[in-house]
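Q: See start-v1.pdb below, with PDB, C-alpha atoms.
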```
ATOM      1  CA  MET R 169     -69.132 -65.181   2.079  1.00  0.00           C
ATOM      2  CA  ARG R 170     -69.482 -61.706   3.607  1.00  0.00           C
ATOM      3  CA  PHE R 171     -71.499 -63.148   6.506  1.00  0.00           C
ATOM      4  CA  ALA R 172     -68.832 -65.756   7.218  1.00  0.00           C
ATOM      5  CA  LYS R 173     -66.126 -63.085   7.107  1.00  0.00           C
ATOM      6  CA  SER R 174     -68.132 -60.954   9.571  1.00  0.00           C
ATOM      7  CA  ILE R 175     -68.496 -63.918  11.930  1.00  0.00           C
ATOM      8  CA  ARG R 176     -64.754 -64.597  11.827  1.00  0.00           C
ATOM      9  CA  LEU R 177     -64.066 -60.917  12.495  1.00  0.00           C
ATOM     10  CA  ALA R 178     -66.473 -60.843  15.452  1.00  0.00           C
ATOM     11  CA  VAL R 179     -64.906 -63.982  16.916  1.00  0.00           C
ATOM     12  CA  GLY R 180     -61.454 -62.479  16.442  1.00  0.00           C
ATOM     13  CA  ILE R 181     -62.409 -59.274  18.260  1.00  0.00           C
ATOM     14  CA  ALA R 182     -64.024 -61.220  21.093  1.00  0.00           C
ATOM     15  CA  THR R 183     -60.931 -63.382  21.441  1.00  0.00           C
ATOM     16  CA  TRP R 184     -58.706 -60.302  21.493  1.00  0.00           C
ATOM     17  CA  VAL R 185     -60.819 -58.618  24.177  1.00  0.00           C
ATOM     18  CA  LEU R 186     -60.739 -61.728  26.360  1.00  0.00           C
ATOM     19  CA  THR R 187     -57.000 -62.289  26.045  1.00  0.00           C
ATOM     20  CA  SER R 188     -55.661 -58.726  25.757  1.00  0.00           C
ATOM     21  CA  THR R 189     -55.211 -58.254  29.493  1.00  0.00           C
ATOM     22  CA  ASN R 190     -52.721 -61.127  29.495  1.00  0.00           C
ATOM     23  CA  LEU R 191     -50.455 -59.519  26.882  1.00  0.00           C
ATOM     24  CA  PRO R 192     -47.261 -57.729  27.943  1.00  0.00           C
ATOM     25  CA  ALA R 193     -47.511 -53.958  27.634  1.00  0.00           C
ATOM     26  CA  ALA R 194     -46.484 -52.620  24.243  1.00  0.00           C
ATOM     27  CA  GLN R 195     -46.535 -49.270  22.428  1.00  0.00           C
ATOM     28  CA  THR R 196     -47.697 -48.161  19.006  1.00  0.00           C
ATOM     29  CA  ASN R 197     -47.425 -44.891  17.082  1.00  0.00           C
ATOM     30  CA  VAL R 198     -50.782 -43.843  15.650  1.00  0.00           C
ATOM     31  CA  ALA R 199     -51.295 -41.104  13.051  1.00  0.00           C
ATOM     32  CA  VAL R 200     -54.688 -39.488  13.659  1.00  0.00           C
ATOM     33  CA  ALA R 201     -56.709 -37.097  11.504  1.00  0.00           C
ATOM     34  CA  ALA R 202     -56.943 -33.755  13.306  1.00  0.00           C
ATOM     35  CA  ASN R 203     -60.738 -33.759  13.444  1.00  0.00           C
ATOM     36  CA  PHE R 204     -60.621 -36.934  15.555  1.00  0.00           C
ATOM     37  CA  THR R 205     -58.274 -35.494  18.205  1.00  0.00           C
ATOM     38  CA  GLU R 206     -60.452 -35.524  21.320  1.00  0.00           C
ATOM     39  CA  ALA R 207     -62.147 -38.824  20.538  1.00  0.00           C
ATOM     40  CA  ALA R 208     -58.787 -40.478  19.857  1.00  0.00           C
ATOM     41  CA  LYS R 209     -57.375 -39.252  23.170  1.00  0.00           C
ATOM     42  CA  GLU R 210     -60.288 -40.770  25.077  1.00  0.00           C
ATOM     43  CA  ILE R 211     -60.126 -44.017  23.097  1.00  0.00           C
ATOM     44  CA  ALA R 212     -56.371 -44.298  23.706  1.00  0.00           C
ATOM     45  CA  ALA R 213     -56.917 -43.802  27.454  1.00  0.00           C
ATOM     46  CA  ALA R 214     -59.627 -46.490  27.505  1.00  0.00           C
ATOM     47  CA  PHE R 215     -57.390 -48.804  25.458  1.00  0.00           C
ATOM     48  CA  LYS R 216     -54.515 -48.378  27.911  1.00  0.00           C
ATOM     49  CA  ALA R 217     -56.785 -48.926  30.924  1.00  0.00           C
ATOM     50  CA  LYS R 218     -58.090 -52.157  29.407  1.00  0.00           C
ATOM     51  CA  THR R 219     -54.873 -53.625  27.989  1.00  0.00           C
ATOM     52  CA  GLY R 220     -51.892 -51.773  29.434  1.00  0.00           C
ATOM     53  CA  HIS R 221     -50.764 -51.027  25.863  1.00  0.00           C
ATOM     54  CA  GLU R 222     -50.040 -47.417  24.947  1.00  0.00           C
ATOM     55  CA  ALA R 223     -51.129 -45.678  21.750  1.00  0.00           C
ATOM     56  CA  VAL R 224     -48.869 -42.672  21.125  1.00  0.00           C
ATOM     57  CA  LEU R 225     -50.966 -40.252  19.072  1.00  0.00           C
ATOM     58  CA  SER R 226     -49.836 -37.730  16.449  1.00  0.00           C
ATOM     59  CA  PHE R 227     -52.405 -35.363  14.927  1.00  0.00           C
ATOM     60  CA  GLY R 228     -52.448 -33.754  11.496  1.00  0.00           C
ATOM     61  CA  ALA R 229     -53.864 -33.732   7.971  1.00  0.00           C
ATOM     62  CA  SER R 230     -54.522 -37.097   6.340  1.00  0.00           C
ATOM     63  CA  GLY R 231     -52.733 -36.110   3.141  1.00  0.00           C
ATOM     64  CA  GLN R 232     -49.621 -35.100   5.046  1.00  0.00           C
ATOM     65  CA  PHE R 233     -49.650 -38.385   6.977  1.00  0.00           C
ATOM     66  CA  TYR R 234     -49.957 -40.351   3.747  1.00  0.00           C
ATOM     67  CA  THR R 235     -46.885 -38.613   2.351  1.00  0.00           C
ATOM     68  CA  GLN R 236     -44.935 -39.134   5.570  1.00  0.00           C
ATOM     69  CA  ILE R 237     -45.818 -42.847   5.679  1.00  0.00           C
ATOM     70  CA  THR R 238     -44.676 -43.354   2.081  1.00  0.00           C
ATOM     71  CA  GLN R 239     -41.389 -41.720   3.104  1.00  0.00           C
ATOM     72  CA  GLY R 240     -40.874 -44.108   6.025  1.00  0.00           C
ATOM     73  CA  ALA R 241     -42.420 -42.262   8.986  1.00  0.00           C
ATOM     74  CA  PRO R 242     -42.514 -44.585  12.041  1.00  0.00           C
ATOM     75  CA  PHE R 243     -46.289 -45.084  12.327  1.00  0.00           C
ATOM     76  CA  GLN R 244     -48.001 -48.441  12.731  1.00  0.00           C
ATOM     77  CA  VAL R 245     -51.634 -47.314  12.468  1.00  0.00           C
ATOM     78  CA  LEU R 246     -53.381 -44.583  10.485  1.00  0.00           C
ATOM     79  CA  LEU R 247     -56.759 -43.126  11.438  1.00  0.00           C
ATOM     80  CA  SER R 248     -57.506 -41.109   8.325  1.00  0.00           C
ATOM     81  CA  ALA R 249     -60.247 -38.557   7.692  1.00  0.00           C
ATOM     82  CA  ASP R 250     -61.035 -40.246   4.382  1.00  0.00           C
ATOM     83  CA  ASP R 251     -61.237 -43.753   2.947  1.00  0.00           C
ATOM     84  CA  ALA R 252     -59.062 -43.147  -0.126  1.00  0.00           C
ATOM     85  CA  ARG R 253     -55.648 -42.862   1.529  1.00  0.00           C
ATOM     86  CA  PRO R 254     -55.911 -46.030   3.670  1.00  0.00           C
ATOM     87  CA  LYS R 255     -56.936 -47.948   0.527  1.00  0.00           C
ATOM     88  CA  LYS R 256     -54.040 -46.421  -1.382  1.00  0.00           C
ATOM     89  CA  LEU R 257     -51.608 -47.498   1.352  1.00  0.00           C
ATOM     90  CA  VAL R 258     -52.897 -51.054   0.950  1.00  0.00           C
ATOM     91  CA  ASP R 259     -52.521 -50.763  -2.842  1.00  0.00           C
ATOM     92  CA  ASP R 260     -49.007 -49.336  -2.340  1.00  0.00           C
ATOM     93  CA  GLY R 261     -48.032 -52.402  -0.324  1.00  0.00           C
ATOM     94  CA  LEU R 262     -47.523 -50.343   2.843  1.00  0.00           C
ATOM     95  CA  ALA R 263     -50.603 -51.511   4.779  1.00  0.00           C
ATOM     96  CA  VAL R 264     -52.059 -54.896   5.664  1.00  0.00           C
ATOM     97  CA  PRO R 265     -54.641 -56.003   3.061  1.00  0.00           C
ATOM     98  CA  GLY R 266     -58.150 -56.208   4.505  1.00  0.00           C
ATOM     99  CA  SER R 267     -57.290 -54.227   7.637  1.00  0.00           C
ATOM    100  CA  ASN R 268     -58.859 -50.961   6.453  1.00  0.00           C
ATOM    101  CA  PHE R 269     -62.397 -50.214   7.664  1.00  0.00           C
ATOM    102  CA  THR R 270     -64.630 -47.204   8.354  1.00  0.00           C
ATOM    103  CA  TYR R 271     -64.371 -46.288  12.033  1.00  0.00           C
ATOM    104  CA  ALA R 272     -66.430 -43.076  11.789  1.00  0.00           C
ATOM    105  CA  ILE R 273     -68.407 -40.922   9.379  1.00  0.00           C
ATOM    106  CA  GLY R 274     -67.789 -37.209   9.865  1.00  0.00           C
ATOM    107  CA  LYS R 275     -70.210 -34.293   9.689  1.00  0.00           C
ATOM    108  CA  LEU R 276     -69.439 -30.837   8.293  1.00  0.00           C
ATOM    109  CA  VAL R 277     -70.611 -27.700  10.114  1.00  0.00           C
ATOM    110  CA  LEU R 278     -70.549 -23.988   9.284  1.00  0.00           C
ATOM    111  CA  TRP R 279     -69.729 -22.282  12.582  1.00  0.00           C
ATOM    112  CA  SER R 280     -69.240 -18.781  13.967  1.00  0.00           C
ATOM    113  CA  LYS R 281     -68.555 -17.447  17.447  1.00  0.00           C
ATOM    114  CA  ALA R 282     -71.173 -14.760  16.767  1.00  0.00           C
ATOM    115  CA  PRO R 283     -74.527 -15.979  18.150  1.00  0.00           C
ATOM    116  CA  ASP R 284     -76.669 -14.672  15.283  1.00  0.00           C
ATOM    117  CA  LEU R 285     -74.387 -14.863  12.257  1.00  0.00           C
ATOM    118  CA  VAL R 286     -74.970 -18.367  10.911  1.00  0.00           C
ATOM    119  CA  LYS R 287     -78.551 -19.005   9.828  1.00  0.00           C
ATOM    120  CA  GLY R 288     -78.033 -21.628   7.128  1.00  0.00           C
ATOM    121  CA  GLU R 289     -76.956 -21.531   3.512  1.00  0.00           C
ATOM    122  CA  GLU R 290     -78.386 -18.027   3.218  1.00  0.00           C
ATOM    123  CA  THR R 291     -75.506 -16.828   5.409  1.00  0.00           C
ATOM    124  CA  LEU R 292     -73.042 -17.890   2.721  1.00  0.00           C
ATOM    125  CA  LYS R 293     -75.186 -16.499  -0.096  1.00  0.00           C
ATOM    126  CA  ALA R 294     -75.669 -13.157   1.669  1.00  0.00           C
ATOM    127  CA  ASP R 295     -71.889 -12.626   1.518  1.00  0.00           C
ATOM    128  CA  SER R 296     -71.966 -10.288   4.535  1.00  0.00           C
ATOM    129  CA  PHE R 297     -68.619 -11.330   6.027  1.00  0.00           C
ATOM    130  CA  ALA R 298     -64.950 -10.723   5.271  1.00  0.00           C
ATOM    131  CA  LYS R 299     -63.302 -14.100   5.911  1.00  0.00           C
ATOM    132  CA  LEU R 300     -64.429 -17.719   5.696  1.00  0.00           C
ATOM    133  CA  SER R 301     -62.150 -20.400   7.133  1.00  0.00           C
ATOM    134  CA  ILE R 302     -61.614 -23.820   5.564  1.00  0.00           C
ATOM    135  CA  CYS R 303     -58.845 -26.422   5.756  1.00  0.00           C
ATOM    136  CA  ASN R 304     -56.645 -27.437   2.844  1.00  0.00           C
ATOM    137  CA  PRO R 305     -58.966 -29.266   0.422  1.00  0.00           C
ATOM    138  CA  VAL R 306     -56.074 -31.275  -1.047  1.00  0.00           C
ATOM    139  CA  ALA R 307     -54.649 -32.616   2.219  1.00  0.00           C
ATOM    140  CA  ALA R 308     -57.753 -32.573   4.445  1.00  0.00           C
ATOM    141  CA  PRO R 309     -61.066 -34.260   3.503  1.00  0.00           C
ATOM    142  CA  TYR R 310     -63.107 -31.730   5.496  1.00  0.00           C
ATOM    143  CA  GLY R 311     -61.641 -29.018   3.280  1.00  0.00           C
ATOM    144  CA  ALA R 312     -62.663 -30.985   0.201  1.00  0.00           C
ATOM    145  CA  ALA R 313     -66.174 -31.332   1.667  1.00  0.00           C
ATOM    146  CA  ALA R 314     -66.322 -27.553   2.273  1.00  0.00           C
ATOM    147  CA  VAL R 315     -65.334 -26.841  -1.335  1.00  0.00           C
ATOM    148  CA  GLU R 316     -67.868 -29.404  -2.573  1.00  0.00           C
ATOM    149  CA  THR R 317     -70.570 -27.720  -0.476  1.00  0.00           C
ATOM    150  CA  MET R 318     -69.819 -24.307  -1.938  1.00  0.00           C
ATOM    151  CA  LYS R 319     -69.831 -25.779  -5.446  1.00  0.00           C
ATOM    152  CA  SER R 320     -73.197 -27.404  -4.767  1.00  0.00           C
ATOM    153  CA  LEU R 321     -74.557 -24.025  -3.683  1.00  0.00           C
ATOM    154  CA  LYS R 322     -72.925 -22.376  -6.748  1.00  0.00           C
ATOM    155  CA  ILE R 323     -71.074 -19.820  -4.609  1.00  0.00           C
ATOM    156  CA  LEU R 324     -67.481 -21.079  -4.641  1.00  0.00           C
ATOM    157  CA  GLU R 325     -66.108 -18.510  -7.088  1.00  0.00           C
ATOM    158  CA  THR R 326     -67.942 -15.678  -5.310  1.00  0.00           C
ATOM    159  CA  LEU R 327     -66.479 -16.688  -1.934  1.00  0.00           C
ATOM    160  CA  ARG R 328     -62.999 -17.715  -3.082  1.00  0.00           C
ATOM    161  CA  PRO R 329     -61.415 -14.274  -2.350  1.00  0.00           C
ATOM    162  CA  LYS R 330     -62.707 -14.533   1.243  1.00  0.00           C
ATOM    163  CA  LEU R 331     -61.277 -17.988   1.994  1.00  0.00           C
ATOM    164  CA  VAL R 332     -58.686 -18.350   4.765  1.00  0.00           C
ATOM    165  CA  GLU R 333     -57.047 -21.771   4.480  1.00  0.00           C
ATOM    166  CA  GLY R 334     -55.601 -23.773   7.369  1.00  0.00           C
ATOM    167  CA  ALA R 335     -53.350 -26.787   6.921  1.00  0.00           C
ATOM    168  CA  THR R 336     -55.665 -28.906   9.107  1.00  0.00           C
ATOM    169  CA  ILE R 337     -59.225 -28.782  10.410  1.00  0.00           C
ATOM    170  CA  THR R 338     -57.757 -27.720  13.763  1.00  0.00           C
ATOM    171  CA  GLN R 339     -56.258 -24.601  12.167  1.00  0.00           C
ATOM    172  CA  ALA R 340     -59.522 -23.882  10.364  1.00  0.00           C
ATOM    173  CA  TYR R 341     -61.284 -23.989  13.737  1.00  0.00           C
ATOM    174  CA  GLN R 342     -58.626 -21.792  15.337  1.00  0.00           C
ATOM    175  CA  PHE R 343     -59.051 -19.095  12.679  1.00  0.00           C
ATOM    176  CA  VAL R 344     -62.673 -18.720  13.790  1.00  0.00           C
ATOM    177  CA  GLU R 345     -61.891 -19.135  17.495  1.00  0.00           C
ATOM    178  CA  THR R 346     -59.279 -16.334  17.378  1.00  0.00           C
ATOM    179  CA  GLY R 347     -61.388 -13.996  15.252  1.00  0.00           C
ATOM    180  CA  ASN R 348     -59.215 -14.188  12.144  1.00  0.00           C
ATOM    181  CA  ALA R 349     -62.323 -15.339  10.286  1.00  0.00           C
ATOM    182  CA  GLU R 350     -65.937 -14.565  11.161  1.00  0.00           C
ATOM    183  CA  LEU R 351     -67.048 -18.074  10.303  1.00  0.00           C
ATOM    184  CA  GLY R 352     -65.660 -21.339   8.993  1.00  0.00           C
ATOM    185  CA  PHE R 353     -66.311 -24.895   7.933  1.00  0.00           C
ATOM    186  CA  VAL R 354     -65.330 -27.204  10.803  1.00  0.00           C
ATOM    187  CA  ALA R 355     -66.052 -30.753  11.968  1.00  0.00           C
ATOM    188  CA  LEU R 356     -69.042 -31.412  14.217  1.00  0.00           C
ATOM    189  CA  SER R 357     -66.652 -33.330  16.472  1.00  0.00           C
ATOM    190  CA  GLN R 358     -64.942 -30.019  17.306  1.00  0.00           C
ATOM    191  CA  LEU R 359     -68.187 -28.563  18.679  1.00  0.00           C
ATOM    192  CA  THR R 360     -69.198 -31.194  21.211  1.00  0.00           C
ATOM    193  CA  GLY R 361     -68.681 -28.989  24.280  1.00  0.00           C
ATOM    194  CA  PRO R 362     -71.133 -26.348  25.546  1.00  0.00           C
ATOM    195  CA  GLU R 363     -72.851 -24.843  22.507  1.00  0.00           C
ATOM    196  CA  THR R 364     -71.496 -21.412  21.647  1.00  0.00           C
ATOM    197  CA  GLY R 365     -72.012 -19.012  18.773  1.00  0.00           C
ATOM    198  CA  SER R 366     -74.151 -20.143  15.859  1.00  0.00           C
ATOM    199  CA  ARG R 367     -73.902 -23.120  13.558  1.00  0.00           C
ATOM    200  CA  TRP R 368     -75.411 -24.875  10.557  1.00  0.00           C
ATOM    201  CA  LEU R 369     -75.098 -28.644  10.171  1.00  0.00           C
ATOM    202  CA  VAL R 370     -74.488 -28.882   6.434  1.00  0.00           C
ATOM    203  CA  PRO R 371     -77.021 -31.225   4.778  1.00  0.00           C
ATOM    204  CA  GLN R 372     -75.437 -34.465   3.574  1.00  0.00           C
ATOM    205  CA  GLU R 373     -76.739 -33.982   0.046  1.00  0.00           C
ATOM    206  CA  LEU R 374     -74.369 -31.038  -0.443  1.00  0.00           C
ATOM    207  CA  TYR R 375     -71.161 -33.063  -0.064  1.00  0.00           C
ATOM    208  CA  SER R 376     -69.921 -36.637  -0.320  1.00  0.00           C
ATOM    209  CA  PRO R 377     -69.988 -38.636   2.945  1.00  0.00           C
ATOM    210  CA  ILE R 378     -66.767 -38.211   4.923  1.00  0.00           C
ATOM    211  CA  ARG R 379     -65.968 -41.867   5.517  1.00  0.00           C
ATOM    212  CA  GLN R 380     -63.025 -42.008   7.901  1.00  0.00           C
ATOM    213  CA  ASP R 381     -61.050 -45.230   7.573  1.00  0.00           C
ATOM    214  CA  ALA R 382     -58.435 -46.803   9.809  1.00  0.00           C
ATOM    215  CA  VAL R 383     -55.715 -49.101   8.514  1.00  0.00           C
ATOM    216  CA  LEU R 384     -52.983 -51.243  10.039  1.00  0.00           C
ATOM    217  CA  LEU R 385     -49.641 -50.483   8.416  1.00  0.00           C
ATOM    218  CA  LYS R 386     -47.313 -53.372   7.625  1.00  0.00           C
ATOM    219  CA  SER R 387     -44.824 -51.908  10.093  1.00  0.00           C
ATOM    220  CA  GLY R 388     -47.383 -52.656  12.830  1.00  0.00           C
ATOM    221  CA  ALA R 389     -48.440 -56.129  11.734  1.00  0.00           C
ATOM    222  CA  ALA R 390     -46.312 -57.800  14.424  1.00  0.00           C
ATOM    223  CA  ASN R 391     -46.895 -55.102  17.057  1.00  0.00           C
ATOM    224  CA  GLU R 392     -49.395 -56.256  19.724  1.00  0.00           C
ATOM    225  CA  ALA R 393     -50.320 -52.680  20.623  1.00  0.00           C
ATOM    226  CA  ALA R 394     -50.987 -51.772  16.968  1.00  0.00           C
ATOM    227  CA  THR R 395     -53.120 -54.830  16.215  1.00  0.00           C
ATOM    228  CA  GLY R 396     -54.855 -54.447  19.562  1.00  0.00           C
ATOM    229  CA  PHE R 397     -55.657 -50.775  18.966  1.00  0.00           C
ATOM    230  CA  ILE R 398     -57.175 -51.525  15.552  1.00  0.00           C
ATOM    231  CA  ALA R 399     -59.309 -54.247  17.159  1.00  0.00           C
ATOM    232  CA  PHE R 400     -60.320 -51.978  20.055  1.00  0.00           C
ATOM    233  CA  LEU R 401     -61.714 -49.389  17.610  1.00  0.00           C
ATOM    234  CA  ARG R 402     -64.411 -51.915  16.699  1.00  0.00           C
ATOM    235  CA  THR R 403     -65.543 -52.578  20.276  1.00  0.00           C
ATOM    236  CA  PRO R 404     -68.784 -51.154  21.714  1.00  0.00           C
ATOM    237  CA  GLU R 405     -66.719 -49.111  24.197  1.00  0.00           C
ATOM    238  CA  ALA R 406     -64.799 -47.336  21.434  1.00  0.00           C
ATOM    239  CA  ARG R 407     -67.874 -46.927  19.232  1.00  0.00           C
ATOM    240  CA  ALA R 408     -69.709 -45.197  22.095  1.00  0.00           C
ATOM    241  CA  ILE R 409     -66.842 -42.708  22.422  1.00  0.00           C
ATOM    242  CA  ILE R 410     -66.856 -42.114  18.652  1.00  0.00           C
ATOM    243  CA  GLU R 411     -70.582 -41.294  18.723  1.00  0.00           C
ATOM    244  CA  LYS R 412     -70.139 -39.094  21.791  1.00  0.00           C
ATOM    245  CA  TYR R 413     -67.858 -36.810  19.772  1.00  0.00           C
ATOM    246  CA  GLY R 414     -70.325 -36.152  16.990  1.00  0.00           C
ATOM    247  CA  HIS R 415     -69.471 -38.874  14.521  1.00  0.00           C
ATOM    248  CA  VAL R 416     -71.761 -41.442  12.999  1.00  0.00           C
ATOM    249  CA  VAL R 417     -70.722 -45.071  13.375  1.00  0.00           C
ATOM    250  CA  ASP R 418     -70.822 -46.996  10.087  1.00  0.00           C
ATOM    251  CA  GLY R 419     -74.208 -48.551   9.438  1.00  0.00           C
ATOM    252  CA  GLN R 420     -76.181 -45.728  11.074  1.00  0.00           C
ATOM    253  CA  SER R 421     -77.759 -42.704   9.418  1.00  0.00           C
TER     254      SER R 421
END
```
Taking this structure as input, can you express it in the form of structure tokens?

A:
Amino acid sequence: MRFAKSIRLAVGIATWVLTSTNLPAAQTNVAVAANFTEAAKEIAAAFKAKTGHEAVLSFGASGQFYTQITQGAPFQVLLSADDARPKKLVDDGLAVPGSNFTYAIGKLVLWSKAPDLVKGEETLKADSFAKLSICNPVAAPYGAAAVETMKSLKILETLRPKLVEGATITQAYQFVETGNAELGFVALSQLTGPETGSRWLVPQELYSPIRQDAVLLKSGAANEAATGFIAFLRTPEARAIIEKYGHVVDGQS
């Protein structure tokens, strides 16, 4: 059953790729988790070059997007930083059943601009810093992963007075970038440029996998750009961009 479904999906994607260049140009509004900003921009550019369709991107926290969508925000596609909210939108009757899938798996990093500050979990346990940046653990899955990591290391209550909380992973990164925090939990996808400072790739056993799911909202079901963008995310071209920005593509370790 699953194999047959996969074959139908593959045929559908192939058909879309072959026929997409014949479609009239359309536009779709896409809500994108902040950690996926740079990858989404490159994917949207590749999508437009291939199809002529335009994906208009808005960036923010997944929890905030979920709330906005339930209140009628004009999005047709959601690229969440978790898998729970896309599923909930399907359950709520606001997204197309069966359209949600994992487009990327995120990685959590402890990062500092100081070259010698971050040496691993011992940096957190040493407690030799004033401020530690995280993003909102309720609205942003990377914040939840940061809290889970500190709980796993049994240091959350010790570090809680030092936490500086941003609304999104972008703000958490900016707190470190601007010096308002000596170090912070950020997404690996934010550190894909020239390596600066010091970092620790948090071991996966310390937090639950950050499965980032996309979903087609019912408001985009008849929108050629929305359905095309969802399909394009599954293509080898898009998957290569996703990996380039520090994410794992589903099915890989």

Q: Using all atoms listed in the file, find the one residue out of R:Asp259, R:Glu289, R:Glu411, R:Glu405 that sits nearest to R:Ala212.

A: R:Glu405

Q: Which neighbours of stretch 386-396 of chain R fall inside 7 Å, counting only C-alpha atoms, when residues of the same chain fewer than 3 positions from it are skipped, and could you give them as number ranges by chain?

A: R: 194-196, 221-222, 244-245, 262-264, 399-400

Q: Pull out every residue that the PyMOL selection byres ((chain R and resi 275) around 8) matches in the shown coordinates and put them as a short mmCIF file (atom, residue, chain, number, x, y, z; two decimals) with C-alpha atoms, in the frame of the given file.

A:
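Okay, this is what ended up in expr-v1.cif:
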```cif
data_model
loop_
_atom_site.label_atom_id
_atom_site.label_comp_id
_atom_site.auth_asym_id
_atom_site.auth_seq_id
_atom_site.Cartn_x
_atom_site.Cartn_y
_atom_site.Cartn_z
CA ILE R 273 -68.41 -40.92 9.38
CA GLY R 274 -67.79 -37.21 9.86
CA LEU R 276 -69.44 -30.84 8.29
CA VAL R 277 -70.61 -27.70 10.11
CA ALA R 355 -66.05 -30.75 11.97
CA LEU R 356 -69.04 -31.41 14.22
CA SER R 357 -66.65 -33.33 16.47
CA LEU R 369 -75.10 -28.64 10.17
CA VAL R 370 -74.49 -28.88 6.43
CA ILE R 378 -66.77 -38.21 4.92
CA GLY R 414 -70.32 -36.15 16.99
CA HIS R 415 -69.47 -38.87 14.52
#
```

Q: Find the spatial neighbours of R:Arg253, counting only C-alpha atoms, within a cut-off of 8 Å - ignore same-chain residues fewer than 6 positions away - and output them as number ranges by chain.

A: R: 230-231, 234

Q: Which residue out of R:Thr205, R:Gln232, R:Ser280, R:Ser301 has the minimum interatomic distance to R:Glu363 when all atoms listed in the file are used?

A: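 The shortest atom-to-atom distance to R:Glu363 comes from R:Ser280.
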
Q: Return the single residue from R:Ala272, R:Ala298, R:Leu374, R:Leu225 that is closest to R:Asn348, with distances computed using only C-alpha atoms.

A: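 Counting only C-alpha atoms, the residue closest to R:Asn348 is R:Ala298.
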
Q: Would you mind telling me which residue in R:Thr291, R:Ser267, R:Thr360, R:Thr336 lies nearest to R:Lys412 when using only C-alpha atoms?

A: R:Thr360

Q: Do you know which residues are at most 7 Å from R:Ala249 counting all atoms listed in the file, after dropping those on the same chain fewer than 3 positions away, and could you put them as a list in words?

A: Ala201, Ser230, Pro309, Arg379, Gln380 and Asp381 of chain R

Q: Filtering to C-alpha atoms, could you give me those residues as a tab-separated table (two decimals), in the frame of the given file?

A:
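Listing of again_8.tsv after writing:
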```
chain	number	residue	atom	x	y	z
R	201	ALA	CA	-56.71	-37.10	11.50
R	230	SER	CA	-54.52	-37.10	6.34
R	309	PRO	CA	-61.07	-34.26	3.50
R	379	ARG	CA	-65.97	-41.87	5.52
R	380	GLN	CA	-63.02	-42.01	7.90
R	381	ASP	CA	-61.05	-45.23	7.57
```

Q: Name the residues that the PyMOL selection byres ((chain R and resi 200) around 9) pulls out of this structure, and write them as a list in words.

A: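 When the PyMOL selection byres ((chain R and resi 200) around 9) is applied, the selected residues are Val198, Ala199, Ala201, Ala202, Asn203, Phe204, Thr205, Ala208, Leu225, Ser226, Phe227, Gly228, Ala229, Ser230, Phe233, Val245, Leu246, Leu247, Ser248 and Ala249 of chain R.
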
Q: Could you save the residues just selected, with C-alpha atoms, as a compact mmCIF listing (two decimals), keeping the file's coordinate frame?

A:
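part.txt written:
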```txt
# COMPACT_ATOMS: atom_id res chain seq x y z
CA VAL R 198 -50.78 -43.84 15.65
CA ALA R 199 -51.30 -41.10 13.05
CA ALA R 201 -56.71 -37.10 11.50
CA ALA R 202 -56.94 -33.76 13.31
CA ASN R 203 -60.74 -33.76 13.44
CA PHE R 204 -60.62 -36.93 15.56
CA THR R 205 -58.27 -35.49 18.20
CA ALA R 208 -58.79 -40.48 19.86
CA LEU R 225 -50.97 -40.25 19.07
CA SER R 226 -49.84 -37.73 16.45
CA PHE R 227 -52.40 -35.36 14.93
CA GLY R 228 -52.45 -33.75 11.50
CA ALA R 229 -53.86 -33.73 7.97
CA SER R 230 -54.52 -37.10 6.34
CA PHE R 233 -49.65 -38.38 6.98
CA VAL R 245 -51.63 -47.31 12.47
CA LEU R 246 -53.38 -44.58 10.48
CA LEU R 247 -56.76 -43.13 11.44
CA SER R 248 -57.51 -41.11 8.32
CA ALA R 249 -60.25 -38.56 7.69
```

Q: Just want the 6 Å neighbourhood of R:Gly220, counted on only C-alpha atoms, with same-chain residues fewer than 3 positions away dropped. Output as JSON, numbers by chain.

A: {"R": [193, 216, 217]}

Q: For R:Phe297, please output as a count of residues only all residues within 12 Å (counting all atoms listed in the file; exclusion window: fewer than 4 positions along the same chain).

A: 17

Q: Here's the selection I'm unsure about, the PyMOL selection byres ((chain R and resi 375) around 8); applied to the file above, which residues does it give, as a list in words?

A: Ala313, Ala314, Glu316, Thr317, Ser320, Pro371, Gln372, Glu373, Leu374, Ser376 and Pro377 of chain R

Q: Rounded to one decimal in Å, what is the spacing between atom CA of R:Phe397 and atom CA of R:Gly361?

A: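 One can read the atom CA of R:Phe397 to atom CA of R:Gly361 distance as 25.9 Å.
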
Q: Please, what distance in Å, to one decimal, runs between atom CA of R:Ile398 and atom CA of R:Tyr341?

A: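 According to the coordinates, atom CA of R:Ile398 and atom CA of R:Tyr341 are separated by 27.9 Å.
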
Q: What is the distance, in Å and to one decimal place, between atom CA of R:Val417 and atom CA of R:Ile211?

A: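 Distance between the two atoms: 14.4 Å.
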